[in-house]
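To keep things clear, I will list the structure first and then write my remarks on it.
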Amino acid sequence: MNILDIIGRKAAAMPAPGTALPRRSEPIPTASEHFVNGRALKGPYPDGTETALFGLGCFWGAEKAFWKLDGVYVTAVGYAGGETPNATYREVCSGMTGHNEVVLVVFDPKKTSFEALVKAFFEAHDPTQGMRQGNDVGTQYRSGIYVADESQRKIAEAVKATYGAELKKRGYGPITTEIVSRPPFYFAEDYHQQYLAKNPNGYCGLGGTGVSCPVGIGVAAG
């Protein structure tokens, strides 16, 4: 099977060790400014801001769910969680990089909290679907929270447990969201950044469960 055949596929299982597409040494070109608010996409970000990284299905709709929130400074879409540095969108969609479609969220902790972002994350999609979101099937659509430190991990795990209990009451299966230490983040191509602002009628395959995610669960930061 040649490389074009591999790239043309979609996969619902992670690539076996040693089978990921080869690395690319140079970053792929992307935008310099956020299309909605004009802020620098790659920074430098203001002192005191923090970052969060989420995967929740197609990143077009996922990013829009965050850039509208109070306290969010800037957002960007990209790829993370796989083995192929600087992969392209087409390569990620093949399932042969292991990457997820993710959203980088830069936020001001004086105006919002990581816990509030995790709440928004869970409510914006169905976190029980494994390697898919609705009709979008593939490893790049898996649910994931990629934590920067132990404080974020504790909050993410606690909210996941609480929300899982709420979903169970409504007949949903277990949450499949992976919560792992943050891997390298690779910015996606220019045309993906703030896609639904550039294309208001563009495709968005995300759909939440309609179940509210409780917060204020008493998880201490630090």
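Lettering and numbering for the structure tokens are positional, with chains as A, B, ... in the shown order, residues counted from 1 in each chain, and ligands counted from 1 in the shown order.
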So that I can check the surroundings of Glu178 in chain A, please list as a list of chain:residue names every protein, DNA and RNA residue that reaches within 12 Å of it, counting only C-alpha atoms and ignoring chain neighbours fewer than 5 positions away. A:Leu53, A:Phe54, A:Gly55, A:Leu56, A:Gly81, A:Asn100, A:Pro127, A:Thr128, A:Gln129, A:Gly130, A:Met131, A:Tyr141, A:Arg142, A:Ser143, A:Gly144, A:Ile145, A:Tyr146, A:Val147, A:Arg153, A:Ala156, A:Glu157, A:Lys160
From the DSSP assignment of the backbone, select every residue of range 16-192 of chain A that is strand (DSSP E or B), and format the answer as JSON, numbers by chain. {"A": [33, 40, 50, 51, 52, 53, 54, 55, 56, 72, 73, 74, 75, 76, 77, 78, 79, 80, 100, 101, 102, 103, 104, 105, 106, 107, 132, 133, 136, 137, 143, 144, 145, 146, 147, 178, 179, 180, 181, 186, 187]}
How would the residues just picked look written out with N, CA and C atoms as a short mmCIF file (atom, residue, chain, number, x, y, z; two decimals), in the first residue's frame?
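After the write, result.cif holds the following:
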data_model
loop_
_atom_site.label_atom_id
_atom_site.label_comp_id
_atom_site.auth_asym_id
_atom_site.auth_seq_id
_atom_site.Cartn_x
_atom_site.Cartn_y
_atom_site.Cartn_z
N GLU A 33 -2.63 35.80 13.25
CA GLU A 33 -3.59 36.48 14.12
C GLU A 33 -4.91 35.72 14.18
N ALA A 40 -2.52 37.80 18.70
CA ALA A 40 -1.48 36.92 18.17
C ALA A 40 -1.82 35.46 18.47
N GLU A 50 -3.12 31.55 31.39
CA GLU A 50 -2.83 30.13 31.43
C GLU A 50 -3.40 29.47 30.18
N THR A 51 -3.05 28.22 29.95
CA THR A 51 -3.51 27.51 28.76
C THR A 51 -4.19 26.21 29.13
N ALA A 52 -5.12 25.83 28.26
CA ALA A 52 -5.80 24.54 28.38
C ALA A 52 -5.85 23.93 26.99
N LEU A 53 -5.92 22.61 26.93
CA LEU A 53 -5.93 21.91 25.64
C LEU A 53 -6.99 20.82 25.68
N PHE A 54 -7.91 20.88 24.71
CA PHE A 54 -9.04 19.95 24.68
C PHE A 54 -9.24 19.37 23.28
N GLY A 55 -9.68 18.11 23.25
CA GLY A 55 -10.13 17.48 22.01
C GLY A 55 -11.56 17.01 22.21
N LEU A 56 -12.46 17.42 21.30
CA LEU A 56 -13.87 17.06 21.48
C LEU A 56 -14.60 16.94 20.16
N VAL A 72 -11.64 34.16 28.06
CA VAL A 72 -10.76 33.50 27.09
C VAL A 72 -10.06 34.58 26.26
N TYR A 73 -8.75 34.54 26.24
CA TYR A 73 -7.95 35.55 25.55
C TYR A 73 -7.83 35.24 24.06
N VAL A 74 -7.48 34.02 23.74
CA VAL A 74 -7.34 33.61 22.35
C VAL A 74 -7.47 32.10 22.26
N THR A 75 -7.86 31.62 21.09
CA THR A 75 -7.95 30.18 20.84
C THR A 75 -7.24 29.86 19.53
N ALA A 76 -6.86 28.60 19.39
CA ALA A 76 -6.27 28.12 18.14
C ALA A 76 -6.55 26.63 18.02
N VAL A 77 -6.61 26.15 16.78
CA VAL A 77 -6.80 24.72 16.57
C VAL A 77 -5.51 24.09 16.09
N GLY A 78 -5.38 22.80 16.40
CA GLY A 78 -4.19 22.09 15.99
C GLY A 78 -4.30 20.61 16.26
N TYR A 79 -3.16 19.97 16.32
CA TYR A 79 -3.08 18.52 16.45
C TYR A 79 -2.19 18.16 17.64
N ALA A 80 -2.58 17.12 18.37
CA ALA A 80 -1.81 16.69 19.53
C ALA A 80 -2.17 15.25 19.87
N ASN A 100 -4.99 13.86 17.65
CA ASN A 100 -6.37 14.29 17.85
C ASN A 100 -6.50 15.71 17.32
N GLU A 101 -7.70 16.08 16.87
CA GLU A 101 -7.99 17.48 16.56
C GLU A 101 -8.29 18.18 17.88
N VAL A 102 -7.51 19.21 18.20
CA VAL A 102 -7.61 19.82 19.52
C VAL A 102 -7.73 21.33 19.43
N VAL A 103 -8.15 21.92 20.54
CA VAL A 103 -8.27 23.37 20.66
C VAL A 103 -7.37 23.84 21.81
N LEU A 104 -6.50 24.79 21.51
CA LEU A 104 -5.70 25.46 22.52
C LEU A 104 -6.48 26.67 23.01
N VAL A 105 -6.67 26.76 24.32
CA VAL A 105 -7.42 27.87 24.92
C VAL A 105 -6.49 28.63 25.86
N VAL A 106 -6.27 29.89 25.57
CA VAL A 106 -5.49 30.77 26.44
C VAL A 106 -6.49 31.61 27.24
N PHE A 107 -6.40 31.55 28.56
CA PHE A 107 -7.43 32.20 29.37
C PHE A 107 -6.82 32.97 30.54
N ARG A 132 -15.19 8.80 18.08
CA ARG A 132 -16.13 9.43 17.15
C ARG A 132 -16.87 10.56 17.87
N GLN A 133 -17.50 11.41 17.05
CA GLN A 133 -18.49 12.36 17.52
C GLN A 133 -19.59 12.40 16.46
N ASP A 136 -18.95 11.77 12.64
CA ASP A 136 -17.50 11.88 12.43
C ASP A 136 -16.81 10.73 13.15
N VAL A 137 -16.21 9.85 12.38
CA VAL A 137 -15.59 8.65 12.95
C VAL A 137 -14.09 8.68 12.66
N SER A 143 -12.42 12.14 22.52
CA SER A 143 -12.55 13.13 23.59
C SER A 143 -11.30 13.10 24.47
N GLY A 144 -10.73 14.28 24.72
CA GLY A 144 -9.51 14.30 25.51
C GLY A 144 -9.27 15.62 26.22
N ILE A 145 -8.73 15.56 27.42
CA ILE A 145 -8.26 16.72 28.16
C ILE A 145 -6.77 16.52 28.39
N TYR A 146 -5.96 17.45 27.91
CA TYR A 146 -4.51 17.31 27.95
C TYR A 146 -3.97 18.32 28.97
N VAL A 147 -3.63 17.81 30.14
CA VAL A 147 -3.40 18.67 31.30
C VAL A 147 -1.97 19.17 31.39
N GLU A 178 -10.08 10.79 27.50
CA GLU A 178 -8.75 10.53 28.02
C GLU A 178 -8.25 11.79 28.71
N ILE A 179 -7.66 11.62 29.89
CA ILE A 179 -7.03 12.72 30.62
C ILE A 179 -5.57 12.35 30.80
N VAL A 180 -4.71 13.03 30.06
CA VAL A 180 -3.29 12.67 30.04
C VAL A 180 -2.45 13.94 30.08
N SER A 181 -1.19 13.77 30.44
CA SER A 181 -0.27 14.91 30.44
C SER A 181 -0.17 15.50 29.04
N TYR A 186 0.67 21.10 17.84
CA TYR A 186 1.08 21.57 16.53
C TYR A 186 -0.07 22.35 15.90
N PHE A 187 0.19 23.62 15.57
CA PHE A 187 -0.86 24.45 14.98
C PHE A 187 -1.32 23.90 13.64
#
Work out how far apart CA of Thr177 in chain A and CA of Tyr195 in chain A are and give it in Å to one decimal.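 That distance, rounded to one decimal, is 24.3 Å.
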What's the 12 Å shell around Thr30 in chain A, counting only C-alpha atoms, without same-chain residues fewer than 2 positions away, as a PyMOL selection string? chain A and resi 27-28+32-35+40-42+76-78+86+88-89+186-194
I need the residues from that last selection saved to file as an mmCIF file, in the first residue's frame (with C-alpha atoms), if you can.
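Saved as out.cif:
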data_model
loop_
_atom_site.group_PDB
_atom_site.id
_atom_site.type_symbol
_atom_site.label_atom_id
_atom_site.label_comp_id
_atom_site.auth_asym_id
_atom_site.auth_seq_id
_atom_site.Cartn_x
_atom_site.Cartn_y
_atom_site.Cartn_z
ATOM 1 C CA PRO A 27 6.050 23.463 11.176
ATOM 2 C CA ILE A 28 3.254 23.742 8.649
ATOM 3 C CA SER A 32 -0.457 34.828 12.686
ATOM 4 C CA GLU A 33 -3.586 36.483 14.121
ATOM 5 C CA HIS A 34 -6.926 35.284 15.474
ATOM 6 C CA PHE A 35 -9.565 35.984 12.812
ATOM 7 C CA ALA A 40 -1.484 36.921 18.173
ATOM 8 C CA LEU A 41 -2.289 33.267 17.590
ATOM 9 C CA LYS A 42 1.088 31.967 18.720
ATOM 10 C CA ALA A 76 -6.273 28.118 18.135
ATOM 11 C CA VAL A 77 -6.801 24.725 16.575
ATOM 12 C CA GLY A 78 -4.191 22.091 15.986
ATOM 13 C CA ASN A 86 4.023 18.781 12.203
ATOM 14 C CA THR A 88 -0.971 17.978 7.944
ATOM 15 C CA TYR A 89 -4.752 17.810 8.198
ATOM 16 C CA TYR A 186 1.085 21.574 16.529
ATOM 17 C CA PHE A 187 -0.857 24.454 14.984
ATOM 18 C CA ALA A 188 -3.214 23.471 12.164
ATOM 19 C CA GLU A 189 -3.267 25.108 8.762
ATOM 20 C CA ASP A 190 -4.420 28.718 8.329
ATOM 21 C CA TYR A 191 -7.819 27.868 6.835
ATOM 22 C CA HIS A 192 -8.808 25.783 9.886
ATOM 23 C CA GLN A 193 -8.208 28.612 12.350
ATOM 24 C CA GLN A 194 -11.565 30.128 13.445
#
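Note that the spacing between CA of Ala13 in chain A and CA of Glu63 in chain A amounts to 24.1 Å.
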Excluding Asp70 in chain A and its own-chain neighbours fewer than 3 positions away, which residues fall within 10 Å of it when counting only C-alpha atoms? Please give them as a PyMOL selection string. chain A and resi 66-67+73+107-108+111-112
Limited to N, CA and C atoms, could you put the picked residues into a file as a PDB file, in the first residue's frame?
ATOM      1  N   PHE A  66     -15.321  27.780  22.540  1.00  0.00           N
ATOM      2  CA  PHE A  66     -14.446  28.399  23.527  1.00  0.00           C
ATOM      3  C   PHE A  66     -14.165  29.874  23.274  1.00  0.00           C
ATOM      4  N   TRP A  67     -14.030  30.305  22.021  1.00  0.00           N
ATOM      5  CA  TRP A  67     -13.619  31.686  21.804  1.00  0.00           C
ATOM      6  C   TRP A  67     -14.699  32.681  22.247  1.00  0.00           C
ATOM      7  N   TYR A  73      -8.747  34.542  26.244  1.00  0.00           N
ATOM      8  CA  TYR A  73      -7.951  35.552  25.550  1.00  0.00           C
ATOM      9  C   TYR A  73      -7.831  35.243  24.062  1.00  0.00           C
ATOM     10  N   PHE A 107      -6.401  31.548  28.564  1.00  0.00           N
ATOM     11  CA  PHE A 107      -7.425  32.200  29.374  1.00  0.00           C
ATOM     12  C   PHE A 107      -6.817  32.966  30.545  1.00  0.00           C
ATOM     13  N   ASP A 108      -7.603  33.911  31.039  1.00  0.00           N
ATOM     14  CA  ASP A 108      -7.212  34.713  32.187  1.00  0.00           C
ATOM     15  C   ASP A 108      -7.852  34.105  33.438  1.00  0.00           C
ATOM     16  N   LYS A 111     -10.537  35.886  35.416  1.00  0.00           N
ATOM     17  CA  LYS A 111     -11.855  36.101  34.821  1.00  0.00           C
ATOM     18  C   LYS A 111     -12.637  34.807  34.611  1.00  0.00           C
ATOM     19  N   THR A 112     -11.944  33.706  34.526  1.00  0.00           N
ATOM     20  CA  THR A 112     -12.591  32.397  34.407  1.00  0.00           C
ATOM     21  C   THR A 112     -11.664  31.378  35.049  1.00  0.00           C
TER      22      THR A 112
END
Check the smallest atom-to-atom distance from each of A:Gly18, A:Gly207, A:Gly138, A:Pro183 to His125 in chain A using only C-alpha atoms, then report the winner.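 Looking at the shortest contact to His125 in chain A, the residue is A:Gly207.
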What lies within 9 Å of Gly164 in chain A using only C-alpha atoms, ignoring chain neighbours under 5 positions off, as a ChimeraX atom specification? /A:159,169,172-175
